[in-house]
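Here's the structure we're looking at; comments come further down.
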Amino acid sequence: MASRSAPGRADRLVTLVGRVRELGLLIALLVLVVAVGLRAGDRFLSLGNLRTVLLAVSILAVMAAGQTLVVLTRNVDLSVASIVGLTTFVAGDLFKQNPGIAVPLVVGLACLLGLALGAINGALVTVGRVPAIVATLGTLYVYRGTTFWIAGGEQVNVSDVPDGYRDIAMTRAVADVPNPILIAGAIALVVAYVLRYTRIGRQLYAIGSNPDAARLAGIRSDRLVFGAFAACGLLCGLAGVLWGARYGRIDSRAATGYELQVVAAVVVGGVNIFGGAGTVLGAVLGAVLLGTVANALTILRFDAFWLQAISGLAILIAVTIDLLITRRVGRTLLAGRNR
């Protein structure tokens, strides 16, 4: 009986640590806001600046929600920013080359393109048996190179896209909150529901916790991993739509460098880089924290280099914590079996 209770204790330990991590993020965010607010005053604490931070974070949060699905399965997608760049340029170029084309059609095509690009990643990992970090590092350059090839040195200007497309980002339909913030919140809620209350969500956690045991239990791991990559691509396609709608002026470098920020948001948010633990709420909180740091550095006139340094340091700290948690859970399970 004691050995049977070990997995339960391990699960409770992981859940408790996850909640502590999320609470820790909230405390860190509060400390950051107070500290910078005392230094910068209304420039940082104003409602307008808060809206700016959340608007900037909304696109990152959508990408982080997709990345969470992948990381939970003990994989990682390094091509997310390149998918955003390719989908946003294709959407903008469709408007430029086809004046009068329906906005919903372009939005749908961009999302389908993201889905297809994510499916390619999933196929490389599950069918080709290429390690995810290698496969997506390759597609990172392939997708970005494709964007440069399609662009041919040209760019899409604000005047090339219709007002209906720009309205996706500019409209404030509810309580003066920009649509991208509402969309990001809705995506986070949907992903959170799937992970917590559906069979697919439980199976994703099982795959990340112990891939071999998941297969022995009859879980179709390859299909679910493929689906996680495809869903991540779909959400990155949506993020590409939001990117284009927000900025209007689009070139082949859109979202360059966001790979690090997305991974940082996910792992800082408590999603275990080794798979099987974490929540999309934590990933979104991680994105908000990093976005607030970026905004604070800008207001305090620090060099942009510091954001990259902080993001890299945050990843190292989060991965170290995850490793310690994984070892602790392993020892708990082993102690339970030996009783």
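Chain identifiers are assigned as A, B, and so on, following the order in which chains appear in the structure tokens; residues are numbered from 1 within each chain, and ligands are numbered from 1 in order of appearance.
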
If we count only C-alpha atoms, what is near region 23-36 of chain A at a cut-off of 8 Å, once residues fewer than 2 positions away on the same chain are taken out, given as a PyMOL selection string? chain A and resi 19-21+38-41+44-45+269+285-286+289+292-293+296

Prev. selection, N, CA and C atoms, output as a PDB file, in the first residue's frame:
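Output saved as result03.pdb:
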ATOM      1  N   ARG A  19       2.243  25.506  -7.805  1.00  0.00           N
ATOM      2  CA  ARG A  19       1.485  26.619  -7.243  1.00  0.00           C
ATOM      3  C   ARG A  19       2.406  27.628  -6.588  1.00  0.00           C
ATOM      4  N   VAL A  20       3.451  27.143  -5.923  1.00  0.00           N
ATOM      5  CA  VAL A  20       4.422  28.044  -5.307  1.00  0.00           C
ATOM      6  C   VAL A  20       5.143  28.858  -6.377  1.00  0.00           C
ATOM      7  N   ARG A  21       5.476  28.205  -7.509  1.00  0.00           N
ATOM      8  CA  ARG A  21       6.135  28.920  -8.601  1.00  0.00           C
ATOM      9  C   ARG A  21       5.248  30.035  -9.136  1.00  0.00           C
ATOM     10  N   LEU A  38       8.348  53.355  -8.043  1.00  0.00           N
ATOM     11  CA  LEU A  38       8.972  54.344  -7.172  1.00  0.00           C
ATOM     12  C   LEU A  38      10.033  55.150  -7.907  1.00  0.00           C
ATOM     13  N   ARG A  39      10.661  54.507  -8.888  1.00  0.00           N
ATOM     14  CA  ARG A  39      11.732  55.179  -9.635  1.00  0.00           C
ATOM     15  C   ARG A  39      11.182  56.018 -10.792  1.00  0.00           C
ATOM     16  N   ALA A  40      10.216  55.475 -11.516  1.00  0.00           N
ATOM     17  CA  ALA A  40       9.739  56.134 -12.738  1.00  0.00           C
ATOM     18  C   ALA A  40       8.408  56.850 -12.567  1.00  0.00           C
ATOM     19  N   GLY A  41       7.666  56.529 -11.517  1.00  0.00           N
ATOM     20  CA  GLY A  41       6.407  57.227 -11.267  1.00  0.00           C
ATOM     21  C   GLY A  41       5.344  56.917 -12.300  1.00  0.00           C
ATOM     22  N   PHE A  44       5.494  54.776 -15.585  1.00  0.00           N
ATOM     23  CA  PHE A  44       5.392  53.313 -15.529  1.00  0.00           C
ATOM     24  C   PHE A  44       4.041  52.854 -15.006  1.00  0.00           C
ATOM     25  N   LEU A  45       3.485  53.573 -14.041  1.00  0.00           N
ATOM     26  CA  LEU A  45       2.280  53.114 -13.354  1.00  0.00           C
ATOM     27  C   LEU A  45       0.986  53.576 -14.002  1.00  0.00           C
ATOM     28  N   GLY A 269       7.632  30.430 -16.244  1.00  0.00           N
ATOM     29  CA  GLY A 269       6.273  30.248 -15.747  1.00  0.00           C
ATOM     30  C   GLY A 269       6.018  28.914 -15.081  1.00  0.00           C
ATOM     31  N   LEU A 285       1.842  34.071 -17.073  1.00  0.00           N
ATOM     32  CA  LEU A 285       2.447  34.913 -16.041  1.00  0.00           C
ATOM     33  C   LEU A 285       3.913  35.168 -16.343  1.00  0.00           C
ATOM     34  N   GLY A 286       4.595  34.132 -16.849  1.00  0.00           N
ATOM     35  CA  GLY A 286       5.990  34.309 -17.250  1.00  0.00           C
ATOM     36  C   GLY A 286       6.119  35.337 -18.356  1.00  0.00           C
ATOM     37  N   LEU A 289       5.600  38.802 -16.858  1.00  0.00           N
ATOM     38  CA  LEU A 289       6.779  39.222 -16.107  1.00  0.00           C
ATOM     39  C   LEU A 289       7.871  39.711 -17.041  1.00  0.00           C
ATOM     40  N   THR A 292       6.911  43.006 -18.603  1.00  0.00           N
ATOM     41  CA  THR A 292       7.046  44.103 -17.648  1.00  0.00           C
ATOM     42  C   THR A 292       8.505  44.496 -17.476  1.00  0.00           C
ATOM     43  N   VAL A 293       9.381  43.495 -17.444  1.00  0.00           N
ATOM     44  CA  VAL A 293      10.822  43.774 -17.357  1.00  0.00           C
ATOM     45  C   VAL A 293      11.284  44.576 -18.569  1.00  0.00           C
ATOM     46  N   ALA A 296      10.048  48.097 -18.280  1.00  0.00           N
ATOM     47  CA  ALA A 296      10.777  48.819 -17.236  1.00  0.00           C
ATOM     48  C   ALA A 296      12.164  49.229 -17.729  1.00  0.00           C
TER      49      ALA A 296
END

Find the residues around Asp251 (chain A) up to 8 Å (only C-alpha atoms counted), leave out those fewer than 6 positions away in its own chain, and share them as number ranges by chain. A: 89, 151, 154-156

Any chance you can output those residues with N, CA and C atoms as an mmCIF file, in the first residue's frame?
data_model
loop_
_atom_site.group_PDB
_atom_site.id
_atom_site.type_symbol
_atom_site.label_atom_id
_atom_site.label_comp_id
_atom_site.auth_asym_id
_atom_site.auth_seq_id
_atom_site.Cartn_x
_atom_site.Cartn_y
_atom_site.Cartn_z
ATOM 1 N N PHE A 89 3.899 37.819 -42.736
ATOM 2 C CA PHE A 89 4.251 38.415 -44.025
ATOM 3 C C PHE A 89 3.345 37.895 -45.136
ATOM 4 N N ALA A 151 9.578 37.631 -49.557
ATOM 5 C CA ALA A 151 9.627 39.088 -49.450
ATOM 6 C C ALA A 151 10.454 39.707 -50.571
ATOM 7 N N GLU A 154 11.258 43.315 -50.263
ATOM 8 C CA GLU A 154 10.135 44.246 -50.174
ATOM 9 C C GLU A 154 9.504 44.173 -48.779
ATOM 10 N N GLN A 155 8.634 45.115 -48.496
ATOM 11 C CA GLN A 155 7.898 45.094 -47.241
ATOM 12 C C GLN A 155 6.444 45.489 -47.488
ATOM 13 N N VAL A 156 5.623 45.185 -46.509
ATOM 14 C CA VAL A 156 4.205 45.558 -46.559
ATOM 15 C C VAL A 156 4.033 46.793 -45.698
#

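Each of A:Gly270, A:Gly312, A:Ala231, A:Ala213 was compared to Ile187 (chain A) using only C-alpha atoms, and A:Ala231 turns out to be the nearest.
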
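Ranking A:Leu195, A:Ala123, A:Ala175, A:Val71 by their shortest atom-to-atom distance to Ala135 (chain A), with only C-alpha atoms included, puts A:Ala123 first.
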
Enumerate, in order of chain and increasing residue number, the residues of region 209-281 of chain A with an atom no farther than 9 Å from region 82-85 of chain A, each with its shortest atom pair and distance in Å to one decimal, counting only C-alpha atoms, as JSON lines.
{"residue": "A:Gly233", "atom": "CA", "partner": "A:Ile83", "partner_atom": "CA", "distance": 7.0}
{"residue": "A:Cys236", "atom": "CA", "partner": "A:Val84", "partner_atom": "CA", "distance": 5.4}
{"residue": "A:Gly237", "atom": "CA", "partner": "A:Val84", "partner_atom": "CA", "distance": 5.8}
{"residue": "A:Leu238", "atom": "CA", "partner": "A:Val84", "partner_atom": "CA", "distance": 8.1}
{"residue": "A:Ala239", "atom": "CA", "partner": "A:Val84", "partner_atom": "CA", "distance": 6.2}
{"residue": "A:Gly240", "atom": "CA", "partner": "A:Val84", "partner_atom": "CA", "distance": 4.4}
{"residue": "A:Val241", "atom": "CA", "partner": "A:Val84", "partner_atom": "CA", "distance": 8.1}
{"residue": "A:Trp243", "atom": "CA", "partner": "A:Val84", "partner_atom": "CA", "distance": 7.9}
{"residue": "A:Ile250", "atom": "CA", "partner": "A:Gly85", "partner_atom": "CA", "distance": 8.9}
{"residue": "A:Asp251", "atom": "CA", "partner": "A:Gly85", "partner_atom": "CA", "distance": 8.4}
{"residue": "A:Ser252", "atom": "CA", "partner": "A:Gly85", "partner_atom": "CA", "distance": 6.7}
{"residue": "A:Arg253", "atom": "CA", "partner": "A:Gly85", "partner_atom": "CA", "distance": 6.8}
{"residue": "A:Ala254", "atom": "CA", "partner": "A:Gly85", "partner_atom": "CA", "distance": 4.8}
{"residue": "A:Ala255", "atom": "CA", "partner": "A:Gly85", "partner_atom": "CA", "distance": 5.6}
{"residue": "A:Thr256", "atom": "CA", "partner": "A:Ser82", "partner_atom": "CA", "distance": 7.0}
{"residue": "A:Gly257", "atom": "CA", "partner": "A:Ser82", "partner_atom": "CA", "distance": 8.9}
{"residue": "A:Tyr258", "atom": "CA", "partner": "A:Ser82", "partner_atom": "CA", "distance": 8.6}
{"residue": "A:Glu259", "atom": "CA", "partner": "A:Ser82", "partner_atom": "CA", "distance": 8.3}

Just to be explicit: take each residue in the selection above, keep N, CA and C atoms, and write the result as a PDB file, in the first residue's frame.
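The result, written out as selection29.pdb:
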ATOM      1  N   GLY A 233       1.736  25.412 -33.947  1.00  0.00           N
ATOM      2  CA  GLY A 233       1.829  26.133 -35.208  1.00  0.00           C
ATOM      3  C   GLY A 233       0.584  26.959 -35.480  1.00  0.00           C
ATOM      4  N   CYS A 236       0.681  30.000 -33.359  1.00  0.00           N
ATOM      5  CA  CYS A 236       1.685  30.932 -33.885  1.00  0.00           C
ATOM      6  C   CYS A 236       1.161  31.623 -35.147  1.00  0.00           C
ATOM      7  N   GLY A 237       0.349  30.910 -35.943  1.00  0.00           N
ATOM      8  CA  GLY A 237      -0.297  31.549 -37.083  1.00  0.00           C
ATOM      9  C   GLY A 237      -1.226  32.657 -36.630  1.00  0.00           C
ATOM     10  N   LEU A 238      -1.984  32.406 -35.563  1.00  0.00           N
ATOM     11  CA  LEU A 238      -2.848  33.434 -34.999  1.00  0.00           C
ATOM     12  C   LEU A 238      -2.018  34.598 -34.469  1.00  0.00           C
ATOM     13  N   ALA A 239      -0.896  34.281 -33.816  1.00  0.00           N
ATOM     14  CA  ALA A 239      -0.009  35.340 -33.327  1.00  0.00           C
ATOM     15  C   ALA A 239       0.530  36.172 -34.496  1.00  0.00           C
ATOM     16  N   GLY A 240       0.782  35.521 -35.641  1.00  0.00           N
ATOM     17  CA  GLY A 240       1.215  36.243 -36.830  1.00  0.00           C
ATOM     18  C   GLY A 240       0.156  37.212 -37.321  1.00  0.00           C
ATOM     19  N   VAL A 241      -1.102  36.789 -37.259  1.00  0.00           N
ATOM     20  CA  VAL A 241      -2.205  37.674 -37.634  1.00  0.00           C
ATOM     21  C   VAL A 241      -2.239  38.892 -36.712  1.00  0.00           C
ATOM     22  N   TRP A 243       0.214  40.102 -34.977  1.00  0.00           N
ATOM     23  CA  TRP A 243       1.415  40.903 -35.218  1.00  0.00           C
ATOM     24  C   TRP A 243       1.190  41.861 -36.392  1.00  0.00           C
ATOM     25  N   ILE A 250       5.162  45.514 -42.245  1.00  0.00           N
ATOM     26  CA  ILE A 250       5.696  44.161 -42.050  1.00  0.00           C
ATOM     27  C   ILE A 250       6.842  43.910 -43.019  1.00  0.00           C
ATOM     28  N   ASP A 251       7.932  43.354 -42.510  1.00  0.00           N
ATOM     29  CA  ASP A 251       9.017  42.917 -43.383  1.00  0.00           C
ATOM     30  C   ASP A 251       9.425  41.506 -42.987  1.00  0.00           C
ATOM     31  N   SER A 252      10.464  41.002 -43.633  1.00  0.00           N
ATOM     32  CA  SER A 252      10.857  39.597 -43.438  1.00  0.00           C
ATOM     33  C   SER A 252      11.490  39.341 -42.079  1.00  0.00           C
ATOM     34  N   ARG A 253      11.747  40.372 -41.321  1.00  0.00           N
ATOM     35  CA  ARG A 253      12.383  40.191 -40.006  1.00  0.00           C
ATOM     36  C   ARG A 253      11.376  40.160 -38.860  1.00  0.00           C
ATOM     37  N   ALA A 254      10.110  40.157 -39.164  1.00  0.00           N
ATOM     38  CA  ALA A 254       9.080  40.185 -38.120  1.00  0.00           C
ATOM     39  C   ALA A 254       9.271  39.047 -37.117  1.00  0.00           C
ATOM     40  N   ALA A 255       9.232  39.389 -35.843  1.00  0.00           N
ATOM     41  CA  ALA A 255       9.328  38.439 -34.715  1.00  0.00           C
ATOM     42  C   ALA A 255      10.697  37.790 -34.579  1.00  0.00           C
ATOM     43  N   THR A 256      11.696  38.289 -35.280  1.00  0.00           N
ATOM     44  CA  THR A 256      13.044  37.723 -35.149  1.00  0.00           C
ATOM     45  C   THR A 256      13.515  37.821 -33.691  1.00  0.00           C
ATOM     46  N   GLY A 257      14.033  36.740 -33.165  1.00  0.00           N
ATOM     47  CA  GLY A 257      14.537  36.721 -31.804  1.00  0.00           C
ATOM     48  C   GLY A 257      13.522  36.374 -30.731  1.00  0.00           C
ATOM     49  N   TYR A 258      12.273  36.192 -31.113  1.00  0.00           N
ATOM     50  CA  TYR A 258      11.237  35.879 -30.129  1.00  0.00           C
ATOM     51  C   TYR A 258      11.346  34.452 -29.592  1.00  0.00           C
ATOM     52  N   GLU A 259      12.160  33.613 -30.237  1.00  0.00           N
ATOM     53  CA  GLU A 259      12.307  32.228 -29.769  1.00  0.00           C
ATOM     54  C   GLU A 259      12.734  32.196 -28.302  1.00  0.00           C
TER      55      GLU A 259
END

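Straight-line separation from CA of Val134 (chain A) to CA of Gly122 (chain A): 12.2 Å.
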